[in-house]
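So this block is target-v7.pdb, PDB, C-alpha atoms:
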ATOM      1  CA  MET A   1      76.170  -5.181-101.273  1.00  0.00           C
ATOM      2  CA  ARG A   2      74.817  -2.214-103.164  1.00  0.00           C
ATOM      3  CA  ILE A   3      72.329  -3.261-105.828  1.00  0.00           C
ATOM      4  CA  GLU A   4      72.603  -1.422-109.129  1.00  0.00           C
ATOM      5  CA  LYS A   5      71.571  -2.106-112.656  1.00  0.00           C
ATOM      6  CA  VAL A   6      74.148  -2.535-115.388  1.00  0.00           C
ATOM      7  CA  ASN A   7      73.662  -1.333-118.942  1.00  0.00           C
ATOM      8  CA  LEU A   8      75.493  -3.409-121.533  1.00  0.00           C
ATOM      9  CA  LYS A   9      75.902  -0.624-124.082  1.00  0.00           C
ATOM     10  CA  GLU A  10      77.486   1.693-121.525  1.00  0.00           C
ATOM     11  CA  LYS A  11      79.908  -0.978-120.388  1.00  0.00           C
ATOM     12  CA  PHE A  12      80.965  -1.822-123.937  1.00  0.00           C
ATOM     13  CA  LYS A  13      81.776   1.865-124.515  1.00  0.00           C
ATOM     14  CA  GLN A  14      84.381   1.704-121.760  1.00  0.00           C
ATOM     15  CA  PHE A  15      86.924  -0.417-123.619  1.00  0.00           C
ATOM     16  CA  THR A  16      88.159  -0.952-127.148  1.00  0.00           C
ATOM     17  CA  ASP A  17      90.668  -3.805-127.019  1.00  0.00           C
ATOM     18  CA  TYR A  18      89.988  -7.323-128.210  1.00  0.00           C
ATOM     19  CA  TRP A  19      90.120 -10.676-126.415  1.00  0.00           C
ATOM     20  CA  ASN A  20      90.271  -8.996-123.017  1.00  0.00           C
ATOM     21  CA  PRO A  21      87.102  -9.794-121.041  1.00  0.00           C
ATOM     22  CA  ARG A  22      85.873  -7.387-118.359  1.00  0.00           C
ATOM     23  CA  ILE A  23      83.923  -8.551-115.319  1.00  0.00           C
ATOM     24  CA  VAL A  24      80.562  -6.773-115.054  1.00  0.00           C
ATOM     25  CA  GLY A  25      78.753  -9.048-112.628  1.00  0.00           C
ATOM     26  CA  GLU A  26      79.351 -11.751-110.025  1.00  0.00           C
ATOM     27  CA  LEU A  27      76.847 -14.262-108.712  1.00  0.00           C
ATOM     28  CA  ASN A  28      76.978 -17.758-107.309  1.00  0.00           C
ATOM     29  CA  ASN A  29      80.739 -17.980-107.952  1.00  0.00           C
ATOM     30  CA  GLN A  30      80.103 -17.223-111.608  1.00  0.00           C
ATOM     31  CA  HIS A  31      81.211 -14.194-113.567  1.00  0.00           C
ATOM     32  CA  VAL A  32      79.327 -12.179-116.131  1.00  0.00           C
ATOM     33  CA  LYS A  33      81.913 -10.806-118.534  1.00  0.00           C
ATOM     34  CA  LEU A  34      81.879  -8.613-121.599  1.00  0.00           C
ATOM     35  CA  ALA A  35      84.424  -8.917-124.387  1.00  0.00           C
ATOM     36  CA  LYS A  36      85.044  -7.644-127.874  1.00  0.00           C
ATOM     37  CA  PHE A  37      86.405 -10.140-130.353  1.00  0.00           C
ATOM     38  CA  LYS A  38      88.049  -9.435-133.682  1.00  0.00           C
ATOM     39  CA  GLY A  39      90.197 -11.797-135.674  1.00  0.00           C
ATOM     40  CA  GLU A  40      91.092 -15.326-134.717  1.00  0.00           C
ATOM     41  CA  PHE A  41      91.590 -16.615-131.188  1.00  0.00           C
ATOM     42  CA  ILE A  42      93.464 -19.808-130.314  1.00  0.00           C
ATOM     43  CA  TRP A  43      92.308 -23.390-129.944  1.00  0.00           C
ATOM     44  CA  HIS A  44      91.842 -24.188-126.274  1.00  0.00           C
ATOM     45  CA  GLN A  45      89.593 -25.953-123.816  1.00  0.00           C
ATOM     46  CA  HIS A  46      88.557 -25.562-120.183  1.00  0.00           C
ATOM     47  CA  GLU A  47      88.971 -28.649-118.058  1.00  0.00           C
ATOM     48  CA  ASN A  48      86.408 -27.769-115.403  1.00  0.00           C
ATOM     49  CA  GLU A  49      84.243 -25.010-116.772  1.00  0.00           C
ATOM     50  CA  ASP A  50      81.340 -24.849-119.171  1.00  0.00           C
ATOM     51  CA  GLU A  51      81.314 -21.532-120.962  1.00  0.00           C
ATOM     52  CA  MET A  52      78.435 -19.508-122.373  1.00  0.00           C
ATOM     53  CA  PHE A  53      78.838 -16.958-125.184  1.00  0.00           C
ATOM     54  CA  MET A  54      75.978 -14.630-126.109  1.00  0.00           C
ATOM     55  CA  VAL A  55      76.178 -12.203-129.007  1.00  0.00           C
ATOM     56  CA  ILE A  56      75.077  -8.706-128.034  1.00  0.00           C
ATOM     57  CA  LYS A  57      76.131  -6.986-131.269  1.00  0.00           C
ATOM     58  CA  GLY A  58      77.660  -8.317-134.485  1.00  0.00           C
ATOM     59  CA  SER A  59      78.448 -11.940-135.245  1.00  0.00           C
ATOM     60  CA  PHE A  60      81.223 -14.494-134.954  1.00  0.00           C
ATOM     61  CA  GLN A  61      82.002 -18.115-135.599  1.00  0.00           C
ATOM     62  CA  MET A  62      82.707 -20.712-132.956  1.00  0.00           C
ATOM     63  CA  HIS A  63      85.009 -23.318-134.426  1.00  0.00           C
ATOM     64  CA  PHE A  64      84.961 -26.860-133.107  1.00  0.00           C
ATOM     65  CA  ARG A  65      87.102 -29.703-134.369  1.00  0.00           C
ATOM     66  CA  ASP A  66      84.123 -31.137-136.268  1.00  0.00           C
ATOM     67  CA  LYS A  67      82.043 -28.088-137.166  1.00  0.00           C
ATOM     68  CA  ILE A  68      81.690 -24.331-137.240  1.00  0.00           C
ATOM     69  CA  ILE A  69      78.696 -22.557-135.692  1.00  0.00           C
ATOM     70  CA  GLU A  70      77.763 -19.029-136.808  1.00  0.00           C
ATOM     71  CA  LEU A  71      76.453 -16.857-134.013  1.00  0.00           C
ATOM     72  CA  LYS A  72      74.502 -13.673-134.604  1.00  0.00           C
ATOM     73  CA  GLU A  73      72.849 -11.072-132.408  1.00  0.00           C
ATOM     74  CA  GLY A  74      70.493 -12.772-129.967  1.00  0.00           C
ATOM     75  CA  ASP A  75      72.195 -16.180-130.269  1.00  0.00           C
ATOM     76  CA  PHE A  76      74.053 -17.961-127.525  1.00  0.00           C
ATOM     77  CA  ILE A  77      76.042 -21.147-127.292  1.00  0.00           C
ATOM     78  CA  ILE A  78      77.239 -23.229-124.366  1.00  0.00           C
ATOM     79  CA  VAL A  79      80.633 -24.868-124.817  1.00  0.00           C
ATOM     80  CA  PRO A  80      80.876 -27.829-122.435  1.00  0.00           C
ATOM     81  CA  ARG A  81      84.060 -28.338-120.425  1.00  0.00           C
ATOM     82  CA  GLY A  82      86.683 -30.413-122.192  1.00  0.00           C
ATOM     83  CA  THR A  83      85.581 -29.293-125.658  1.00  0.00           C
ATOM     84  CA  GLU A  84      88.196 -27.680-127.873  1.00  0.00           C
ATOM     85  CA  HIS A  85      86.974 -24.448-129.395  1.00  0.00           C
ATOM     86  CA  LYS A  86      88.255 -21.350-131.174  1.00  0.00           C
ATOM     87  CA  PRO A  87      86.274 -18.130-131.642  1.00  0.00           C
ATOM     88  CA  VAL A  88      86.814 -16.327-134.951  1.00  0.00           C
ATOM     89  CA  ALA A  89      85.341 -12.882-135.646  1.00  0.00           C
ATOM     90  CA  LEU A  90      85.574 -11.492-139.165  1.00  0.00           C
ATOM     91  CA  GLU A  91      84.350  -8.135-137.873  1.00  0.00           C
ATOM     92  CA  GLU A  92      84.234  -6.743-134.347  1.00  0.00           C
ATOM     93  CA  VAL A  93      81.645  -8.457-132.205  1.00  0.00           C
ATOM     94  CA  GLN A  94      80.359  -7.714-128.693  1.00  0.00           C
ATOM     95  CA  VAL A  95      79.949 -10.822-126.577  1.00  0.00           C
ATOM     96  CA  LEU A  96      78.612 -11.546-123.100  1.00  0.00           C
ATOM     97  CA  LEU A  97      80.183 -14.486-121.308  1.00  0.00           C
ATOM     98  CA  PHE A  98      78.820 -16.394-118.385  1.00  0.00           C
ATOM     99  CA  GLU A  99      81.204 -18.800-116.704  1.00  0.00           C
ATOM    100  CA  PRO A 100      82.705 -19.830-113.358  1.00  0.00           C
ATOM    101  CA  ALA A 101      84.930 -17.271-111.660  1.00  0.00           C
ATOM    102  CA  THR A 102      87.807 -19.738-112.054  1.00  0.00           C
ATOM    103  CA  THR A 103      87.750 -19.603-115.858  1.00  0.00           C
ATOM    104  CA  LEU A 104      90.958 -18.544-117.626  1.00  0.00           C
ATOM    105  CA  ASN A 105      90.277 -17.116-121.089  1.00  0.00           C
ATOM    106  CA  THR A 106      92.806 -19.371-122.841  1.00  0.00           C
ATOM    107  CA  GLY A 107      91.893 -22.458-120.786  1.00  0.00           C
ATOM    108  CA  ASN A 108      94.654 -25.083-121.005  1.00  0.00           C
ATOM    109  CA  ILE A 109      96.960 -22.817-123.037  1.00  0.00           C
ATOM    110  CA  THR A 110      99.139 -19.986-121.767  1.00  0.00           C
ATOM    111  CA  ASN A 111     100.370 -17.502-124.350  1.00  0.00           C
ATOM    112  CA  GLU A 112     100.162 -13.839-125.318  1.00  0.00           C
ATOM    113  CA  PHE A 113      96.352 -14.026-125.332  1.00  0.00           C
ATOM    114  CA  THR A 114      96.207 -15.130-121.696  1.00  0.00           C
ATOM    115  CA  LYS A 115      94.577 -12.630-119.305  1.00  0.00           C
ATOM    116  CA  ASP A 116      94.844 -13.725-115.717  1.00  0.00           C
ATOM    117  CA  GLN A 117      93.976 -10.388-114.076  1.00  0.00           C
ATOM    118  CA  LEU A 118      90.638  -9.252-115.392  1.00  0.00           C
ATOM    119  CA  GLN A 119      89.435  -5.723-114.844  1.00  0.00           C
ATOM    120  CA  LYS A 120      86.072  -5.099-113.206  1.00  0.00           C
ATOM    121  CA  LEU A 121      83.895  -2.496-114.852  1.00  0.00           C
TER     122      LEU A 121
ATOM    123  CA  MET B 122      76.471 -33.571-125.445  1.00  0.00           C
ATOM    124  CA  ARG B 123      75.347 -32.094-128.742  1.00  0.00           C
ATOM    125  CA  ILE B 124      76.428 -28.479-129.124  1.00  0.00           C
ATOM    126  CA  GLU B 125      73.867 -26.182-130.707  1.00  0.00           C
ATOM    127  CA  LYS B 126      73.240 -22.500-130.713  1.00  0.00           C
ATOM    128  CA  VAL B 127      70.100 -21.049-129.183  1.00  0.00           C
ATOM    129  CA  ASN B 128      68.266 -18.047-130.592  1.00  0.00           C
ATOM    130  CA  LEU B 129      66.447 -15.985-127.976  1.00  0.00           C
ATOM    131  CA  LYS B 130      63.754 -14.656-130.318  1.00  0.00           C
ATOM    132  CA  GLU B 131      62.816 -18.140-131.499  1.00  0.00           C
ATOM    133  CA  LYS B 132      62.578 -19.422-127.940  1.00  0.00           C
ATOM    134  CA  PHE B 133      60.398 -16.536-126.811  1.00  0.00           C
ATOM    135  CA  LYS B 134      57.975 -17.310-129.665  1.00  0.00           C
ATOM    136  CA  GLN B 135      57.351 -20.730-128.174  1.00  0.00           C
ATOM    137  CA  PHE B 136      55.354 -19.597-125.153  1.00  0.00           C
ATOM    138  CA  THR B 137      52.909 -16.881-124.207  1.00  0.00           C
ATOM    139  CA  ASP B 138      52.207 -17.287-120.505  1.00  0.00           C
ATOM    140  CA  TYR B 139      53.603 -15.046-117.780  1.00  0.00           C
ATOM    141  CA  TRP B 140      55.734 -15.811-114.723  1.00  0.00           C
ATOM    142  CA  ASN B 141      56.555 -19.288-116.000  1.00  0.00           C
ATOM    143  CA  PRO B 142      60.293 -19.525-116.779  1.00  0.00           C
ATOM    144  CA  ARG B 143      61.548 -21.997-119.394  1.00  0.00           C
ATOM    145  CA  ILE B 144      64.998 -23.541-119.204  1.00  0.00           C
ATOM    146  CA  VAL B 145      66.996 -22.872-122.382  1.00  0.00           C
ATOM    147  CA  GLY B 146      70.510 -23.683-121.196  1.00  0.00           C
ATOM    148  CA  GLU B 147      72.393 -25.498-118.446  1.00  0.00           C
ATOM    149  CA  LEU B 148      75.998 -24.978-117.410  1.00  0.00           C
ATOM    150  CA  ASN B 149      78.007 -25.380-114.218  1.00  0.00           C
ATOM    151  CA  ASN B 150      74.859 -26.279-112.256  1.00  0.00           C
ATOM    152  CA  GLN B 151      73.307 -23.009-113.341  1.00  0.00           C
ATOM    153  CA  HIS B 152      70.257 -22.533-115.525  1.00  0.00           C
ATOM    154  CA  VAL B 153      69.651 -20.033-118.287  1.00  0.00           C
ATOM    155  CA  LYS B 154      65.934 -19.335-118.302  1.00  0.00           C
ATOM    156  CA  LEU B 155      63.587 -17.196-120.336  1.00  0.00           C
ATOM    157  CA  ALA B 156      60.407 -15.726-118.941  1.00  0.00           C
ATOM    158  CA  LYS B 157      57.707 -13.257-119.866  1.00  0.00           C
ATOM    159  CA  PHE B 158      56.484 -10.995-117.109  1.00  0.00           C
ATOM    160  CA  LYS B 159      53.332  -8.925-117.046  1.00  0.00           C
ATOM    161  CA  GLY B 160      51.674  -7.455-114.005  1.00  0.00           C
ATOM    162  CA  GLU B 161      52.871  -7.750-110.449  1.00  0.00           C
ATOM    163  CA  PHE B 162      54.732 -10.708-108.963  1.00  0.00           C
ATOM    164  CA  ILE B 163      54.998 -11.422-105.243  1.00  0.00           C
ATOM    165  CA  TRP B 164      57.515 -10.344-102.642  1.00  0.00           C
ATOM    166  CA  HIS B 165      59.984 -13.166-102.053  1.00  0.00           C
ATOM    167  CA  GLN B 166      63.645 -13.948-101.515  1.00  0.00           C
ATOM    168  CA  HIS B 167      66.020 -16.816-102.236  1.00  0.00           C
ATOM    169  CA  GLU B 168      67.999 -18.053 -99.247  1.00  0.00           C
ATOM    170  CA  ASN B 169      70.894 -19.560-101.193  1.00  0.00           C
ATOM    171  CA  GLU B 170      70.792 -18.180-104.697  1.00  0.00           C
ATOM    172  CA  ASP B 171      71.817 -14.926-106.311  1.00  0.00           C
ATOM    173  CA  GLU B 172      69.617 -14.203-109.295  1.00  0.00           C
ATOM    174  CA  MET B 173      70.343 -12.299-112.483  1.00  0.00           C
ATOM    175  CA  PHE B 174      67.642 -10.666-114.621  1.00  0.00           C
ATOM    176  CA  MET B 175      68.469  -9.291-118.066  1.00  0.00           C
ATOM    177  CA  VAL B 176      65.906  -7.455-120.181  1.00  0.00           C
ATOM    178  CA  ILE B 177      65.802  -8.761-123.747  1.00  0.00           C
ATOM    179  CA  LYS B 178      62.722  -6.799-124.848  1.00  0.00           C
ATOM    180  CA  GLY B 179      60.531  -4.266-123.055  1.00  0.00           C
ATOM    181  CA  SER B 180      61.035  -2.987-119.534  1.00  0.00           C
ATOM    182  CA  PHE B 181      60.073  -3.721-115.960  1.00  0.00           C
ATOM    183  CA  GLN B 182      60.632  -2.544-112.416  1.00  0.00           C
ATOM    184  CA  MET B 183      62.428  -4.476-109.721  1.00  0.00           C
ATOM    185  CA  HIS B 184      61.000  -3.455-106.372  1.00  0.00           C
ATOM    186  CA  PHE B 185      63.135  -3.686-103.257  1.00  0.00           C
ATOM    187  CA  ARG B 186      62.019  -2.718 -99.768  1.00  0.00           C
ATOM    188  CA  ASP B 187      63.991   0.531-100.017  1.00  0.00           C
ATOM    189  CA  LYS B 188      63.927   1.396-103.718  1.00  0.00           C
ATOM    190  CA  ILE B 189      62.640   0.615-107.191  1.00  0.00           C
ATOM    191  CA  ILE B 190      64.975   0.027-110.125  1.00  0.00           C
ATOM    192  CA  GLU B 191      63.709   0.490-113.698  1.00  0.00           C
ATOM    193  CA  LEU B 192      65.198  -2.005-116.144  1.00  0.00           C
ATOM    194  CA  LYS B 193      65.109  -1.496-119.896  1.00  0.00           C
ATOM    195  CA  GLU B 194      66.381  -3.402-122.893  1.00  0.00           C
ATOM    196  CA  GLY B 195      70.076  -4.143-122.459  1.00  0.00           C
ATOM    197  CA  ASP B 196      70.004  -3.687-118.675  1.00  0.00           C
ATOM    198  CA  PHE B 197      70.617  -6.404-116.133  1.00  0.00           C
ATOM    199  CA  ILE B 198      70.498  -6.609-112.371  1.00  0.00           C
ATOM    200  CA  ILE B 199      71.821  -9.118-109.876  1.00  0.00           C
ATOM    201  CA  VAL B 200      69.659  -9.691-106.820  1.00  0.00           C
ATOM    202  CA  PRO B 201      71.828 -11.111-104.028  1.00  0.00           C
ATOM    203  CA  ARG B 202      70.541 -14.041-101.983  1.00  0.00           C
ATOM    204  CA  GLY B 203      68.507 -13.032 -98.971  1.00  0.00           C
ATOM    205  CA  THR B 204      67.227  -9.840-100.590  1.00  0.00           C
ATOM    206  CA  GLU B 205      63.481  -9.391-100.803  1.00  0.00           C
ATOM    207  CA  HIS B 206      62.365  -8.370-104.282  1.00  0.00           C
ATOM    208  CA  LYS B 207      59.252  -8.134-106.429  1.00  0.00           C
ATOM    209  CA  PRO B 208      59.241  -7.750-110.219  1.00  0.00           C
ATOM    210  CA  VAL B 209      56.503  -5.542-111.646  1.00  0.00           C
ATOM    211  CA  ALA B 210      55.883  -5.213-115.391  1.00  0.00           C
ATOM    212  CA  LEU B 211      53.436  -2.579-116.612  1.00  0.00           C
ATOM    213  CA  GLU B 212      53.649  -4.072-120.114  1.00  0.00           C
ATOM    214  CA  GLU B 213      54.855  -7.479-121.265  1.00  0.00           C
ATOM    215  CA  VAL B 214      58.605  -7.855-120.929  1.00  0.00           C
ATOM    216  CA  GLN B 215      60.975 -10.595-122.092  1.00  0.00           C
ATOM    217  CA  VAL B 216      63.586 -11.488-119.504  1.00  0.00           C
ATOM    218  CA  LEU B 217      66.592 -13.783-119.395  1.00  0.00           C
ATOM    219  CA  LEU B 218      67.491 -15.244-116.013  1.00  0.00           C
ATOM    220  CA  PHE B 219      70.761 -16.787-114.845  1.00  0.00           C
ATOM    221  CA  GLU B 220      70.595 -18.625-111.581  1.00  0.00           C
ATOM    222  CA  PRO B 221      71.477 -21.889-109.861  1.00  0.00           C
ATOM    223  CA  ALA B 222      69.536 -24.929-110.993  1.00  0.00           C
ATOM    224  CA  THR B 223      68.116 -25.140-107.447  1.00  0.00           C
ATOM    225  CA  THR B 224      66.268 -21.801-107.711  1.00  0.00           C
ATOM    226  CA  LEU B 225      62.513 -21.841-107.144  1.00  0.00           C
ATOM    227  CA  ASN B 226      60.775 -18.892-108.821  1.00  0.00           C
ATOM    228  CA  THR B 227      58.910 -17.815-105.699  1.00  0.00           C
ATOM    229  CA  GLY B 228      61.856 -18.439-103.357  1.00  0.00           C
ATOM    230  CA  ASN B 229      60.698 -18.710 -99.751  1.00  0.00           C
ATOM    231  CA  ILE B 230      57.001 -18.450-100.677  1.00  0.00           C
ATOM    232  CA  THR B 231      54.767 -21.178-102.076  1.00  0.00           C
ATOM    233  CA  ASN B 232      51.561 -20.065-103.728  1.00  0.00           C
ATOM    234  CA  GLU B 233      49.750 -20.062-107.055  1.00  0.00           C
ATOM    235  CA  PHE B 234      52.764 -18.451-108.753  1.00  0.00           C
ATOM    236  CA  THR B 235      55.094 -21.292-107.736  1.00  0.00           C
ATOM    237  CA  LYS B 236      56.469 -23.361-110.631  1.00  0.00           C
ATOM    238  CA  ASP B 237      58.441 -26.343-109.419  1.00  0.00           C
ATOM    239  CA  GLN B 238      58.516 -28.265-112.702  1.00  0.00           C
ATOM    240  CA  LEU B 239      60.024 -26.054-115.358  1.00  0.00           C
ATOM    241  CA  GLN B 240      59.782 -26.940-119.016  1.00  0.00           C
ATOM    242  CA  LYS B 241      62.930 -27.167-121.136  1.00  0.00           C
ATOM    243  CA  LEU B 242      62.753 -25.502-124.516  1.00  0.00           C
TER     244      LEU B 242
END

Go through the file and emit its structure as structure tokens.
Amino acid sequence: MRIEKVNLKEKFKQFTDYWNPRIVGELNNQHVKLAKFKGEFIWHQHENEDEMFMVIKGSFQMHFRDKIIELKEGDFIIVPRGTEHKPVALEEVQVLLFEPATTLNTGNITNEFTKDQLQKL
Amino acid sequence: MRIEKVNLKEKFKQFTDYWNPRIVGELNNQHVKLAKFKGEFIWHQHENEDEMFMVIKGSFQMHFRDKIIELKEGDFIIVPRGTEHKPVALEEVQVLLFEPATTLNTGNITNEFTKDQLQKL
């Protein structure tokens, strides 16, 4: 395997669409993904995967059934498996995700937001 | 499990020592760790763990046997298992690590740098 560094800013420049995570790293059967969020996603959960969201630029809200958590630059949150959640971004936000390679973006739901073939950048 | 956000800056304020990673998140048997590096670490490798280093503030060099990679703010690198490496930081650098919960900081080496009881922040 060729070892190279990855620059987040450069990777984020390579796409403009929302809710479509790109794979930028793989390790220990986990994926490092980058995504841009804007607007409201759907309620969903992941049966077998804990999911980490880290804000690289901007801010967004993670909605849970019992609370809303505001995430700003330099914040991260871990959503445990089996926990319903819905990201909502009032403005565009750049997010890094860390999660098992098996993770489907819409979890237990399949709809127009579902991306089952992620691009590697 | 109680779901809370974590702010990187606040966590980094809570310690000042070098080469002593703190655990700030756990998911899918992986740990999210924060560490401050300054100076030269030791050559080592991890038999069973790929390791990710992301620069949050500052810069450092990752030395490999055949090259040196400079990492600045917003860069990350994944060091595959079985690859000898040595971090070197000319100035203090703040680093986020993603790696399996089983990872020992000095890998196959045990010496005065070894930390086998990591603190959770």

Report as a Markdown table the residues of chain B within 9 Å of chain A, each with its shortest atom pair and distance in Å (one decimal), using all atoms listed in the file, ordered by chain and increasing residue number.
| residue | atom | partner | partner_atom | distance |
| --- | --- | --- | --- | --- |
| B:Met122 | CA | A:Pro80 | CA | 7.8 |
| B:Ile124 | CA | A:Val79 | CA | 7.0 |
| B:Glu125 | CA | A:Ile77 | CA | 6.5 |
| B:Lys126 | CA | A:Ile77 | CA | 4.6 |
| B:Val127 | CA | A:Phe76 | CA | 5.3 |
| B:Asn128 | CA | A:Asp75 | CA | 4.4 |
| B:Leu129 | CA | A:Gly74 | CA | 5.5 |
| B:Lys130 | CA | A:Gly74 | CA | 7.0 |
| B:Gly146 | CA | A:Ile78 | CA | 7.5 |
| B:Glu147 | CA | A:Ile78 | CA | 8.0 |
| B:Leu148 | CA | A:Asp50 | CA | 5.6 |
| B:Asn149 | CA | A:Asp50 | CA | 6.0 |
| B:Gln151 | CA | A:Asn28 | CA | 8.8 |
| B:Asn169 | CA | A:Asn28 | CA | 8.8 |
| B:Glu170 | CA | A:Asn28 | CA | 6.7 |
| B:Asp171 | CA | A:Leu27 | CA | 5.6 |
| B:Glu172 | CA | A:Leu27 | CA | 7.3 |
| B:Met173 | CA | A:Leu27 | CA | 7.8 |
| B:Ile177 | CA | A:Gly74 | CA | 8.8 |
| B:Ile190 | CA | A:Lys5 | CA | 7.4 |
| B:Glu191 | CA | A:Lys5 | CA | 8.3 |
| B:Leu192 | CA | A:Lys5 | CA | 7.3 |
| B:Lys193 | CA | A:Asn7 | CA | 8.6 |
| B:Glu194 | CA | A:Asn7 | CA | 8.5 |
| B:Gly195 | CA | A:Leu8 | CA | 5.5 |
| B:Asp196 | CA | A:Asn7 | CA | 4.4 |
| B:Phe197 | CA | A:Val6 | CA | 5.3 |
| B:Ile198 | CA | A:Lys5 | CA | 4.6 |
| B:Ile199 | CA | A:Ile3 | CA | 7.1 |
| B:Val200 | CA | A:Ile3 | CA | 7.0 |
| B:Pro201 | CA | A:Leu27 | CA | 7.6 |
| B:Phe219 | CA | A:Phe98 | CA | 8.8 |
| B:Glu220 | CA | A:Asn28 | CA | 7.7 |
| B:Pro221 | CA | A:Asn28 | CA | 7.3 |

*asked:* Applying the PyMOL selection byres ((chain B and resi 225) around 9) to the file I just gave you, which residues come out? Please list them as a ChimeraX atom specification.
replied: /B:167,222-224,226-229,235-237

*Do a neighbour search on Lys38 in chain A at 9 Å with only C-alpha atoms, toss out local chain neighbours closer than 3 positions, and write the hits as a list in words.*
Tyr18, Trp19, Phe41, Phe60, Val88, Ala89, Leu90, Glu91, Glu92 and Val93 of chain A

*What separation in Å, quoted to one decimal, exists between CA of Asn141 in chain B and CA of Lys241 in chain B?*
11.4 Å

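Picture a line from CA of Pro87 in chain A to CA of Arg22 in chain A; it runs 17.1 Å.
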
*Would you please work out which residue, of B:Ser180, B:Gln166, B:Asn232, B:Gln240, is nearest to Gln215 in chain B when using all atoms listed in the file?*
B:Ser180

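Picture a line from CA of Leu97 in chain A to CA of Lys178 in chain B; it runs 19.4 Å.
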
Can you turn the PyMOL selection byres ((chain B and resi 155) around 6) into a concrete residue list for this file, as a PDB file with C-alpha atoms, in the coordinates of the input?
ATOM      1  CA  PRO B 142      60.293 -19.525-116.779  1.00  0.00           C
ATOM      2  CA  ARG B 143      61.548 -21.997-119.394  1.00  0.00           C
ATOM      3  CA  LYS B 154      65.934 -19.335-118.302  1.00  0.00           C
ATOM      4  CA  ALA B 156      60.407 -15.726-118.941  1.00  0.00           C
ATOM      5  CA  VAL B 216      63.586 -11.488-119.504  1.00  0.00           C
ATOM      6  CA  LEU B 217      66.592 -13.783-119.395  1.00  0.00           C
TER       7      LEU B 217
END

Adding 8 Å on each side of the box along x, y and z that holds all listed atoms of range 191-205 of chain B, could you give its centre and edge lengths in Å to one decimal, as lines of an AutoDock Vina configuration file?
center_x = 67.7
center_y = -6.8
center_z = -110.9
size_x = 24.3
size_y = 30.5
size_z = 39.9
